[in-house]
$ cat work.cif   # mmCIF, C-alpha atoms
data_model
#
loop_
_atom_site.label_atom_id
_atom_site.label_comp_id
_atom_site.auth_asym_id
_atom_site.auth_seq_id
_atom_site.Cartn_x
_atom_site.Cartn_y
_atom_site.Cartn_z
CA MET A 1 -238.22 135.90 147.73
CA THR A 2 -234.73 134.73 146.82
CA ASN A 3 -231.69 136.15 148.53
CA MET A 4 -228.09 135.80 147.41
CA ARG A 5 -227.24 132.97 149.75
CA ASP A 6 -230.16 130.88 148.46
CA LEU A 7 -229.35 131.67 144.84
CA TYR A 8 -225.71 130.78 145.35
CA ALA A 9 -226.60 127.51 147.08
CA ALA A 10 -228.97 126.61 144.24
CA ARG A 11 -226.28 127.23 141.60
CA VAL A 12 -223.83 125.09 143.56
CA ALA A 13 -226.42 122.33 143.88
CA ASP A 14 -227.14 122.21 140.16
CA GLY A 15 -223.45 122.28 139.27
CA THR A 16 -223.49 125.68 137.59
CA ILE A 17 -220.76 126.97 139.90
CA LYS A 18 -218.27 125.40 142.27
CA PRO A 19 -218.45 126.32 145.97
CA ASP A 20 -215.84 128.88 146.94
CA PRO A 21 -215.40 130.04 150.58
CA ALA A 22 -214.18 133.47 149.50
CA GLN A 23 -217.27 134.01 147.37
CA ARG A 24 -219.53 132.84 150.19
CA ASP A 25 -217.90 135.37 152.52
CA VAL A 26 -219.15 138.33 150.45
CA LEU A 27 -222.75 137.09 150.03
CA PRO A 28 -223.95 138.74 153.29
CA GLU A 29 -222.91 142.15 151.94
CA PHE A 30 -225.10 141.71 148.89
CA ASP A 31 -228.00 140.52 151.05
CA ARG A 32 -227.51 143.50 153.37
CA ILE A 33 -228.14 145.78 150.41
CA ARG A 34 -231.07 143.72 149.19
CA ASP A 35 -232.73 143.72 152.60
CA ALA A 36 -232.32 147.49 152.95
CA LEU A 37 -233.80 148.09 149.50
CA MET A 38 -236.97 146.32 150.61
CA GLY A 39 -237.62 149.10 153.12
CA PRO A 40 -240.23 151.85 152.59
CA ALA A 41 -239.50 155.01 150.63
CA LYS A 42 -239.00 158.33 152.45
CA ARG A 43 -241.01 161.34 151.31
CA GLY A 44 -239.50 164.78 151.19
CA LEU A 45 -241.64 167.88 151.79
CA PHE A 46 -240.98 169.46 148.41
CA ARG A 47 -239.92 166.54 146.25
CA ARG A 48 -241.08 163.15 145.08
CA ALA A 49 -240.67 160.05 147.20
CA THR A 50 -237.00 159.30 147.61
CA PRO A 51 -235.97 155.81 148.72
CA GLU A 52 -233.67 155.25 151.64
CA SER A 53 -230.31 154.60 149.99
CA PRO A 54 -228.33 151.79 151.63
CA LYS A 55 -224.56 151.88 151.56
CA GLY A 56 -223.29 150.37 148.32
CA LEU A 57 -220.55 147.82 147.70
CA TYR A 58 -217.16 148.03 146.01
CA LEU A 59 -216.00 144.45 145.38
CA TRP A 60 -212.46 144.09 144.13
CA GLY A 61 -210.00 141.29 143.52
CA GLY A 62 -208.00 139.45 140.88
CA VAL A 63 -209.48 138.62 137.52
CA GLY A 64 -211.34 135.36 137.11
CA ARG A 65 -212.34 135.14 140.79
CA GLY A 66 -216.09 135.33 140.18
CA LYS A 67 -216.84 139.02 140.76
CA SER A 68 -218.98 139.38 137.63
CA MET A 69 -220.78 136.13 138.37
CA LEU A 70 -221.68 137.41 141.85
CA MET A 71 -222.87 140.69 140.33
CA ASP A 72 -225.15 138.75 137.98
CA LEU A 73 -226.54 136.80 140.94
CA PHE A 74 -227.16 140.02 142.85
CA VAL A 75 -229.10 141.54 139.98
CA ALA A 76 -231.08 138.30 139.67
CA SER A 77 -231.87 138.44 143.41
CA LEU A 78 -233.59 141.80 142.87
CA ALA A 79 -235.86 140.50 140.11
CA ASP A 80 -238.73 139.82 142.52
CA LEU A 81 -238.61 143.37 143.95
CA PRO A 82 -240.76 145.44 141.55
CA ASP A 83 -240.07 148.66 143.44
CA VAL A 84 -236.32 148.28 142.99
CA PRO A 85 -235.44 149.12 139.38
CA VAL A 86 -231.86 148.12 138.67
CA ARG A 87 -229.46 148.59 135.80
CA ARG A 88 -226.37 146.48 135.21
CA VAL A 89 -223.82 148.02 132.86
CA HIS A 90 -220.13 147.76 132.07
CA PHE A 91 -218.32 150.76 133.52
CA HIS A 92 -216.58 151.71 130.28
CA ALA A 93 -219.87 151.63 128.36
CA PHE A 94 -221.54 153.73 131.05
CA MET A 95 -218.85 156.41 130.94
CA GLN A 96 -219.17 156.60 127.16
CA GLU A 97 -222.87 157.32 127.68
CA ILE A 98 -222.04 160.02 130.22
CA HIS A 99 -219.60 161.76 127.87
CA ALA A 100 -222.17 161.64 125.06
CA GLY A 101 -224.78 163.12 127.41
CA LEU A 102 -222.41 165.88 128.47
CA HIS A 103 -221.81 166.79 124.83
CA VAL A 104 -225.55 167.14 124.24
CA ALA A 105 -226.09 169.12 127.47
CA ARG A 106 -223.27 171.55 126.72
CA ALA A 107 -224.81 172.28 123.33
CA THR A 108 -227.89 173.66 125.13
CA GLY A 109 -225.78 176.22 127.00
CA VAL A 110 -226.65 174.86 130.43
CA GLN A 111 -224.32 176.12 133.16
CA ASP A 112 -223.66 172.72 134.75
CA ALA A 113 -223.83 170.04 132.05
CA LEU A 114 -223.38 167.18 134.52
CA ALA A 115 -226.53 167.97 136.53
CA PRO A 116 -229.10 167.02 133.84
CA VAL A 117 -227.02 164.01 132.80
CA ALA A 118 -226.88 162.64 136.35
CA ALA A 119 -230.59 163.39 136.85
CA LYS A 120 -231.45 161.40 133.74
CA VAL A 121 -229.38 158.43 134.93
CA ALA A 122 -230.99 158.50 138.39
CA GLN A 123 -234.56 158.83 137.11
CA ASN A 124 -236.61 155.80 138.15
CA LEU A 125 -233.47 153.94 139.26
CA ARG A 126 -232.66 152.48 142.67
CA VAL A 127 -229.59 150.35 141.95
CA LEU A 128 -226.74 150.90 139.51
CA ALA A 129 -224.57 147.81 139.11
CA PHE A 130 -221.21 148.53 137.49
CA ASP A 131 -218.91 145.81 136.25
CA GLU A 132 -215.15 146.31 135.98
CA MET A 133 -214.56 149.84 137.20
CA GLN A 134 -211.21 151.01 135.91
CA ILE A 135 -210.22 154.66 135.59
CA THR A 136 -207.55 155.19 132.93
CA ASP A 137 -208.84 158.34 131.24
CA ILE A 138 -208.35 161.79 132.73
CA ALA A 139 -211.73 162.84 131.34
CA ASP A 140 -213.40 160.07 133.37
CA ALA A 141 -211.27 160.84 136.43
CA MET A 142 -212.30 164.49 136.49
CA ILE A 143 -216.08 163.88 136.43
CA VAL A 144 -216.66 160.55 138.19
CA GLY A 145 -216.57 162.05 141.69
CA ARG A 146 -219.27 164.64 141.01
CA LEU A 147 -221.30 162.05 139.10
CA PHE A 148 -221.28 159.52 141.94
CA ASP A 149 -222.05 162.25 144.47
CA ALA A 150 -225.10 163.29 142.45
CA LEU A 151 -226.28 159.69 142.12
CA PHE A 152 -225.91 159.05 145.85
CA ALA A 153 -227.82 162.26 146.59
CA ALA A 154 -230.63 161.05 144.33
CA GLY A 155 -230.98 157.86 146.35
CA VAL A 156 -229.19 155.51 143.94
CA THR A 157 -227.25 152.64 145.48
CA ILE A 158 -224.10 151.74 143.57
CA VAL A 159 -222.56 148.29 143.48
CA THR A 160 -219.39 147.82 141.48
CA THR A 161 -216.66 145.30 140.77
CA SER A 162 -213.05 146.14 140.00
CA ASN A 163 -209.69 144.47 139.59
CA ARG A 164 -208.14 147.23 141.71
CA ALA A 165 -208.58 148.44 145.28
CA PRO A 166 -210.14 151.93 145.44
CA ASP A 167 -206.82 153.49 146.49
CA GLU A 168 -205.18 152.02 143.38
CA LEU A 169 -207.63 153.57 140.90
CA TYR A 170 -206.09 156.03 138.44
CA LYS A 171 -202.71 155.37 140.02
CA ASN A 172 -200.00 157.66 138.60
CA GLY A 173 -202.67 159.38 136.52
CA LEU A 174 -202.39 162.97 135.39
CA ASN A 175 -203.58 165.42 138.10
CA ARG A 176 -204.36 162.49 140.39
CA PRO A 177 -204.68 164.70 143.53
CA LEU A 178 -207.91 166.03 141.98
CA PHE A 179 -209.18 162.43 141.88
CA LEU A 180 -208.53 161.64 145.54
CA PRO A 181 -211.88 163.02 146.82
CA PHE A 182 -213.60 160.36 144.73
CA ILE A 183 -211.63 157.63 146.51
CA ALA A 184 -212.71 159.13 149.84
CA LEU A 185 -216.31 159.15 148.60
CA VAL A 186 -216.12 155.46 147.72
CA HIS A 187 -214.88 154.60 151.22
CA ASP A 188 -217.61 156.74 152.77
CA ARG A 189 -220.61 155.59 150.72
CA MET A 190 -219.67 152.02 149.82
CA ALA A 191 -218.50 148.99 151.76
CA VAL A 192 -215.14 147.93 150.31
CA MET A 193 -214.46 144.19 150.20
CA GLU A 194 -211.73 142.14 148.57
CA LEU A 195 -212.63 138.82 146.95
CA THR A 196 -209.60 136.81 148.01
CA SER A 197 -210.24 133.51 146.23
CA PRO A 198 -206.96 131.85 145.18
CA THR A 199 -208.64 130.30 142.16
CA ASP A 200 -208.67 131.94 138.73
CA TYR A 201 -211.72 130.22 137.25
CA ARG A 202 -211.26 131.82 133.85
CA GLN A 203 -207.73 130.45 133.49
CA ASN A 204 -208.82 127.05 134.73
CA ARG A 205 -211.47 126.95 132.03
CA LEU A 206 -208.67 126.96 129.46
CA ALA A 207 -206.58 124.26 131.11
CA GLY A 208 -205.99 121.47 128.62
CA GLU A 209 -207.90 123.24 125.84
CA ARG A 210 -206.58 124.39 122.48
CA VAL A 211 -205.86 128.11 122.27
CA TRP A 212 -204.32 128.35 118.77
CA PHE A 213 -206.58 127.65 115.79
CA THR A 214 -205.48 127.28 112.17
CA PRO A 215 -206.19 127.72 109.32
CA ILE A 216 -208.59 130.65 109.29
CA ASN A 217 -211.94 129.36 108.08
CA ALA A 218 -215.60 129.14 109.07
CA GLU A 219 -214.88 126.37 111.59
CA THR A 220 -212.18 128.28 113.46
CA ARG A 221 -214.32 131.44 113.46
CA ALA A 222 -217.20 129.49 115.00
CA THR A 223 -214.84 128.05 117.61
CA ILE A 224 -213.55 131.49 118.55
CA ASP A 225 -217.15 132.73 118.84
CA ALA A 226 -217.94 129.85 121.21
CA ILE A 227 -214.85 130.55 123.35
CA TRP A 228 -215.79 134.23 123.60
CA THR A 229 -219.34 133.37 124.65
CA ASP A 230 -218.09 130.95 127.29
CA MET A 231 -215.38 133.16 128.75
CA ALA A 232 -216.87 136.64 128.41
CA GLY A 233 -220.38 135.57 129.41
CA GLY A 234 -222.14 138.12 127.24
CA PRO A 235 -221.73 140.83 124.62
CA GLY A 236 -218.61 142.93 124.81
CA VAL A 237 -218.20 146.68 124.81
CA PRO A 238 -215.27 148.69 123.47
CA LEU A 239 -212.34 149.11 125.84
CA PHE A 240 -210.70 152.52 125.66
CA LEU A 241 -207.14 152.90 126.90
CA THR A 242 -205.55 156.32 127.29
CA VAL A 243 -201.82 156.24 126.53
CA ASN A 244 -199.79 159.44 126.46
CA GLY A 245 -202.89 161.48 125.79
CA ARG A 246 -204.08 159.23 122.94
CA ARG A 247 -207.12 156.96 123.07
CA VAL A 248 -206.63 153.37 121.94
CA GLU A 249 -209.77 151.35 121.25
CA ILE A 250 -210.07 147.58 121.68
CA PRO A 251 -213.31 146.51 119.91
CA ALA A 252 -214.71 144.09 122.50
CA PHE A 253 -214.12 143.63 126.22
CA ARG A 254 -216.02 141.92 129.03
CA ASN A 255 -215.09 140.19 132.28
CA GLY A 256 -211.36 140.70 131.75
CA VAL A 257 -211.47 139.16 128.27
CA ALA A 258 -210.66 141.29 125.22
CA ARG A 259 -211.21 140.44 121.55
CA ALA A 260 -209.64 142.08 118.51
CA THR A 261 -208.30 141.25 115.07
CA PHE A 262 -204.66 141.31 114.03
CA HIS A 263 -205.44 144.43 112.01
CA ASP A 264 -206.97 146.16 115.06
CA LEU A 265 -203.82 145.55 117.07
CA CYS A 266 -200.98 145.51 114.56
CA GLY A 267 -202.35 147.19 111.44
CA GLN A 268 -202.54 150.49 113.32
CA PRO A 269 -199.61 152.75 114.37
CA LEU A 270 -199.44 151.40 117.92
CA GLY A 271 -196.30 151.07 120.01
CA PRO A 272 -194.88 149.43 123.13
CA GLY A 273 -196.73 151.78 125.51
CA ASP A 274 -200.06 150.87 123.93
CA TYR A 275 -199.37 147.16 124.22
CA LEU A 276 -198.19 147.47 127.82
CA ALA A 277 -201.43 149.30 128.69
CA LEU A 278 -203.43 146.55 127.01
CA ALA A 279 -201.51 143.82 128.83
CA ASP A 280 -202.19 145.59 132.13
CA ALA A 281 -205.92 145.90 131.44
CA VAL A 282 -206.84 142.37 130.32
CA ARG A 283 -206.34 138.83 131.51
CA VAL A 284 -207.23 137.00 128.30
CA LEU A 285 -206.79 138.35 124.77
CA ILE A 286 -208.42 136.77 121.73
CA ILE A 287 -206.55 137.74 118.54
CA GLU A 288 -208.28 136.83 115.30
CA ASP A 289 -207.12 136.55 111.71
CA ILE A 290 -203.34 136.56 112.13
CA PRO A 291 -202.05 136.40 108.52
CA ALA A 292 -198.90 134.92 107.09
CA LEU A 293 -196.07 137.36 107.82
CA SER A 294 -193.34 138.45 105.42
CA ARG A 295 -191.59 141.51 103.96
CA SER A 296 -194.94 142.55 102.48
CA ASN A 297 -196.35 143.30 105.95
CA PHE A 298 -193.08 143.91 107.78
CA ASN A 299 -194.30 146.77 110.00
CA PRO A 300 -197.42 144.93 111.26
CA ALA A 301 -195.19 141.90 111.87
CA LYS A 302 -192.82 144.03 113.99
CA ARG A 303 -195.78 145.33 115.99
CA PHE A 304 -196.98 141.76 116.49
CA VAL A 305 -193.61 140.81 117.97
CA THR A 306 -193.81 143.77 120.36
CA LEU A 307 -197.39 142.87 121.29
CA ILE A 308 -196.54 139.26 122.10
CA ASP A 309 -193.55 140.37 124.19
CA ALA A 310 -195.84 142.60 126.29
CA LEU A 311 -198.45 139.87 126.70
CA TYR A 312 -195.82 137.28 127.56
CA GLU A 313 -194.21 139.38 130.27
CA ALA A 314 -197.63 140.20 131.79
CA LYS A 315 -198.71 136.53 131.71
CA VAL A 316 -201.79 137.37 129.63
CA ARG A 317 -203.44 134.29 128.15
CA VAL A 318 -203.65 134.44 124.33
CA ILE A 319 -206.24 132.69 122.19
CA ALA A 320 -205.72 133.10 118.46
CA SER A 321 -206.85 132.17 114.99
CA ALA A 322 -204.00 132.27 112.47
CA GLN A 323 -203.09 131.32 108.96
CA ALA A 324 -200.49 128.86 110.25
CA GLU A 325 -198.85 127.46 113.36
CA PRO A 326 -196.45 129.89 115.09
CA GLU A 327 -193.31 128.34 113.59
CA MET A 328 -194.77 128.60 110.07
CA LEU A 329 -196.14 132.15 110.26
CA TYR A 330 -193.00 134.00 109.17
CA LEU A 331 -191.01 132.07 106.57
CA GLU A 332 -189.37 134.65 104.33
CA GLY A 333 -188.08 138.18 104.38
CA GLU A 334 -186.30 140.41 106.86
CA GLY A 335 -187.26 139.53 110.41
CA VAL A 336 -187.49 135.75 110.02
CA PHE A 337 -184.61 135.12 112.43
CA GLU A 338 -185.98 137.50 115.07
CA PHE A 339 -189.46 135.97 114.80
CA ALA A 340 -188.16 132.57 115.92
CA ARG A 341 -188.14 133.92 119.50
CA THR A 342 -191.74 135.10 119.15
CA ALA A 343 -192.80 131.72 117.76
CA SER A 344 -191.15 130.02 120.72
CA ARG A 345 -193.02 132.29 123.13
CA LEU A 346 -196.31 131.67 121.36
CA ARG A 347 -195.74 127.93 121.64
CA GLU A 348 -194.90 128.25 125.35
CA MET A 349 -198.03 130.33 125.91
CA GLN A 350 -200.16 127.47 124.58
CA ASP A 351 -199.16 125.20 127.46
CA ALA A 352 -202.05 124.41 129.80
CA ALA A 353 -200.07 125.53 132.86
CA TRP A 354 -198.74 128.75 131.36
CA GLY A 355 -199.66 131.88 133.27
CA LEU A 356 -201.10 129.97 136.25
#

$ encode --input "work.cif" --output "structure tokens"
Amino acid sequence: MTNMRDLYAARVADGTIKPDPAQRDVLPEFDRIRDALMGPAKRGLFRRATPESPKGLYLWGGVGRGKSMLMDLFVASLADLPDVPVRRVHFHAFMQEIHAGLHVARATGVQDALAPVAAKVAQNLRVLAFDEMQITDIADAMIVGRLFDALFAAGVTIVTTSNRAPDELYKNGLNRPLFLPFIALVHDRMAVMELTSPTDYRQNRLAGERVWFTPINAETRATIDAIWTDMAGGPGVPLFLTVNGRRVEIPAFRNGVARATFHDLCGQPLGPGDYLALADAVRVLIIEDIPALSRSNFNPAKRFVTLIDALYEAKVRVIASAQAEPEMLYLEGEGVFEFARTASRLREMQDAAWGL
């Protein structure tokens, strides 16, 4: 059997990861859960065998500190426990499944639509591993407490990562007092630990590397694909941001890295609030297919300027494929003078030390 400490030591030995004291400090919490899951199931008088449910773990900290990597190791450490079925899923993707399930359940006329949805999730499951919990949608905020309560009652242990402390979730959200019982539930049913590593491994991975690729062709597309694979570590899921009651979709998101085209971000009627929400939610943004800018696409160009301003102020790292270098993107038409400032910012953002 392989516990977390052994797996971590093996990855350090083979050079896959670098040793980090802050990461080592949280390994015992993962092994506590693993050891408890190896215990025997408890049988109720009128229901099927229900496993003893150990207290879960809420691991939070800055982006790029290795939270998702530790989650992957934890799931791998359970692979040799056949009686411990586990599911690892991105939190946003999971909540989309829940909302879809609720829609189906409501169509049947059931009185409590959440009950069958939660029961289906918990069926034959012992561990639910969430990556990147972030509550930005009031619809999620209003159901997540009852959902977690039902999963805990069914014997499911929940392990999750987040960039925010539990008390900071859904901060300033609409009707937030209704969300506070969920925060109390997290503190009651999950150990809360902060990953305090000073190192942002994702940013360091970019140090000294190109982040602006031109022209747009098969070679640059392949390079962007390789960067996404390296930084995101797997397939992305849509990121949904709720801004002033509207839902803004970013096509791909994983491990703090988002990926979208210029059209996704600037070809749509988005504004400063949308870009500020995006800048708050991601650490690295890959923008593909930035075209030449001119009077023919003046409005998308204006949105691009606003987007870059938001990303610059939030110190978000930008990786881009574009038709030209920043200084050559906008050469004619209204807005050329104003774009010089954006070009300067884009050039500054390419520096290896920027944002560190």

$ residues_around --input "work.cif" --residues "A:Ser162" --least-positions-apart "4" --cutoff "8 Å" --atoms "only C-alpha atoms" --output "PyMOL selection string"
chain A and resi 58-61+131-134

$ resolve_selection --input "work.cif" --expression "the PyMOL selection byres ((chain A and resi 179-194) around 7)" --output "number ranges by chain"
A: 55-61, 141-142, 145, 166-167, 176-178, 195-196

$ closest_residue --input "work.cif" --among "A:Ala218, A:Leu114, A:Ala105, A:Ala129" --to "A:Asp149" --atoms "all atoms listed in the file"
A:Leu114

$ closest_residue --input "work.cif" --among "A:Val144, A:Ala222, A:Val248, A:Leu78" --to "A:Met95" --atoms "all atoms listed in the file"
A:Val144

$ atom_distance --input "work.cif" --atom1 "atom CA of A:Tyr170" --atom2 "atom CA of A:Gly273"
16.5 Å

$ closest_residue --input "work.cif" --among "A:Ala314, A:Gly333, A:Glu325, A:Gly109" --to "A:Asn297" --atoms "only C-alpha atoms"
A:Gly333

$ axis_aligned_box --input "work.cif" --around "stretch 332-346 of chain A" --padding-each-side "6 Å" --output "AutoDock Vina command-line options"
--center_x -190.5 --center_y 135.2 --center_z 113.7 --size_x 23.7 --size_y 22.4 --size_z 30.8

$ resolve_selection --input "work.cif" --expression "the PyMOL selection byres ((chain A and resi 309) around 10)" --output "PDB file with C-alpha atoms, keeping the file's coordinate frame"
ATOM      1  CA  PRO A 272    -194.880 149.430 123.130  1.00  0.00           C
ATOM      2  CA  TYR A 275    -199.370 147.160 124.220  1.00  0.00           C
ATOM      3  CA  LEU A 276    -198.190 147.470 127.820  1.00  0.00           C
ATOM      4  CA  ALA A 279    -201.510 143.820 128.830  1.00  0.00           C
ATOM      5  CA  ARG A 303    -195.780 145.330 115.990  1.00  0.00           C
ATOM      6  CA  PHE A 304    -196.980 141.760 116.490  1.00  0.00           C
ATOM      7  CA  VAL A 305    -193.610 140.810 117.970  1.00  0.00           C
ATOM      8  CA  THR A 306    -193.810 143.770 120.360  1.00  0.00           C
ATOM      9  CA  LEU A 307    -197.390 142.870 121.290  1.00  0.00           C
ATOM     10  CA  ILE A 308    -196.540 139.260 122.100  1.00  0.00           C
ATOM     11  CA  ALA A 310    -195.840 142.600 126.290  1.00  0.00           C
ATOM     12  CA  LEU A 311    -198.450 139.870 126.700  1.00  0.00           C
ATOM     13  CA  TYR A 312    -195.820 137.280 127.560  1.00  0.00           C
ATOM     14  CA  GLU A 313    -194.210 139.380 130.270  1.00  0.00           C
ATOM     15  CA  ALA A 314    -197.630 140.200 131.790  1.00  0.00           C
ATOM     16  CA  LYS A 315    -198.710 136.530 131.710  1.00  0.00           C
ATOM     17  CA  ARG A 341    -188.140 133.920 119.500  1.00  0.00           C
ATOM     18  CA  THR A 342    -191.740 135.100 119.150  1.00  0.00           C
ATOM     19  CA  ARG A 345    -193.020 132.290 123.130  1.00  0.00           C
ATOM     20  CA  LEU A 346    -196.310 131.670 121.360  1.00  0.00           C
TER      21      LEU A 346
END

$ residues_around --input "work.cif" --residues "stretch 18-23 of chain A" --least-positions-apart "3" --cutoff "10 Å" --atoms "all atoms listed in the file" --output "MDAnalysis selection string"
chainID A and resid 8:9 11:15 26:27 65:67 69:70 194:199 201

$ closest_residue --input "work.cif" --among "A:Val75, A:Ile98, A:Ile290, A:Met349" --to "A:His263" --atoms "all atoms listed in the file"
A:Ile290

$ resolve_selection --input "work.cif" --expression "the PyMOL selection byres ((chain A and resi 246) around 12)" --output "tab-separated table (two decimals) with C-alpha atoms, in the frame of the given file"
chain	number	residue	atom	x	y	z
A	136	THR	CA	-207.55	155.19	132.93
A	137	ASP	CA	-208.84	158.34	131.24
A	138	ILE	CA	-208.35	161.79	132.73
A	139	ALA	CA	-211.73	162.84	131.34
A	240	PHE	CA	-210.70	152.52	125.66
A	241	LEU	CA	-207.14	152.90	126.90
A	242	THR	CA	-205.55	156.32	127.29
A	243	VAL	CA	-201.82	156.24	126.53
A	244	ASN	CA	-199.79	159.44	126.46
A	245	GLY	CA	-202.89	161.48	125.79
A	247	ARG	CA	-207.12	156.96	123.07
A	248	VAL	CA	-206.63	153.37	121.94
A	249	GLU	CA	-209.77	151.35	121.25
A	269	PRO	CA	-199.61	152.75	114.37
A	270	LEU	CA	-199.44	151.40	117.92
A	271	GLY	CA	-196.30	151.07	120.01
A	273	GLY	CA	-196.73	151.78	125.51
A	274	ASP	CA	-200.06	150.87	123.93
A	277	ALA	CA	-201.43	149.30	128.69

$ atom_distance --input "work.cif" --atom1 "atom CA of A:Arg164" --atom2 "atom CA of A:Gln350"
27.3 Å

$ closest_residue --input "work.cif" --among "A:Ala281, A:Ala115, A:Leu73, A:Leu37" --to "A:Met4" --atoms "all atoms listed in the file"
A:Leu73

$ residues_around --input "work.cif" --residues "A:Leu285" --least-positions-apart "6" --cutoff "8 Å" --atoms "all atoms listed in the file" --output "PDB file with C-alpha atoms, in the frame of the given file"
ATOM      1  CA  VAL A 257    -211.470 139.160 128.270  1.00  0.00           C
ATOM      2  CA  ALA A 258    -210.660 141.290 125.220  1.00  0.00           C
ATOM      3  CA  ARG A 259    -211.210 140.440 121.550  1.00  0.00           C
ATOM      4  CA  ALA A 260    -209.640 142.080 118.510  1.00  0.00           C
ATOM      5  CA  VAL A 316    -201.790 137.370 129.630  1.00  0.00           C
ATOM      6  CA  ARG A 317    -203.440 134.290 128.150  1.00  0.00           C
ATOM      7  CA  VAL A 318    -203.650 134.440 124.330  1.00  0.00           C
ATOM      8  CA  ILE A 319    -206.240 132.690 122.190  1.00  0.00           C
TER       9      ILE A 319
END

$ closest_residue --input "work.cif" --among "A:Pro82, A:Asn299, A:Ala122, A:Asp140" --to "A:His99" --atoms "all atoms listed in the file"
A:Asp140

$ residues_around --input "work.cif" --residues "A:Phe262" --least-positions-apart "2" --cutoff "8 Å" --atoms "only C-alpha atoms" --output "PDB file with C-alpha atoms, keeping the file's coordinate frame"
ATOM      1  CA  ALA A 260    -209.640 142.080 118.510  1.00  0.00           C
ATOM      2  CA  ASP A 264    -206.970 146.160 115.060  1.00  0.00           C
ATOM      3  CA  LEU A 265    -203.820 145.550 117.070  1.00  0.00           C
ATOM      4  CA  CYS A 266    -200.980 145.510 114.560  1.00  0.00           C
ATOM      5  CA  GLY A 267    -202.350 147.190 111.440  1.00  0.00           C
ATOM      6  CA  ILE A 287    -206.550 137.740 118.540  1.00  0.00           C
ATOM      7  CA  GLU A 288    -208.280 136.830 115.300  1.00  0.00           C
ATOM      8  CA  ASP A 289    -207.120 136.550 111.710  1.00  0.00           C
ATOM      9  CA  ILE A 290    -203.340 136.560 112.130  1.00  0.00           C
ATOM     10  CA  PRO A 291    -202.050 136.400 108.520  1.00  0.00           C
TER      11      PRO A 291
END

$ residues_around --input "work.cif" --residues "A:Met71" --least-positions-apart "6" --cutoff "10 Å" --atoms "all atoms listed in the file" --output "count of residues only"
10

$ atom_distance --input "work.cif" --atom1 "atom CA of A:Ala10" --atom2 "atom CA of A:Phe91"
28.5 Å
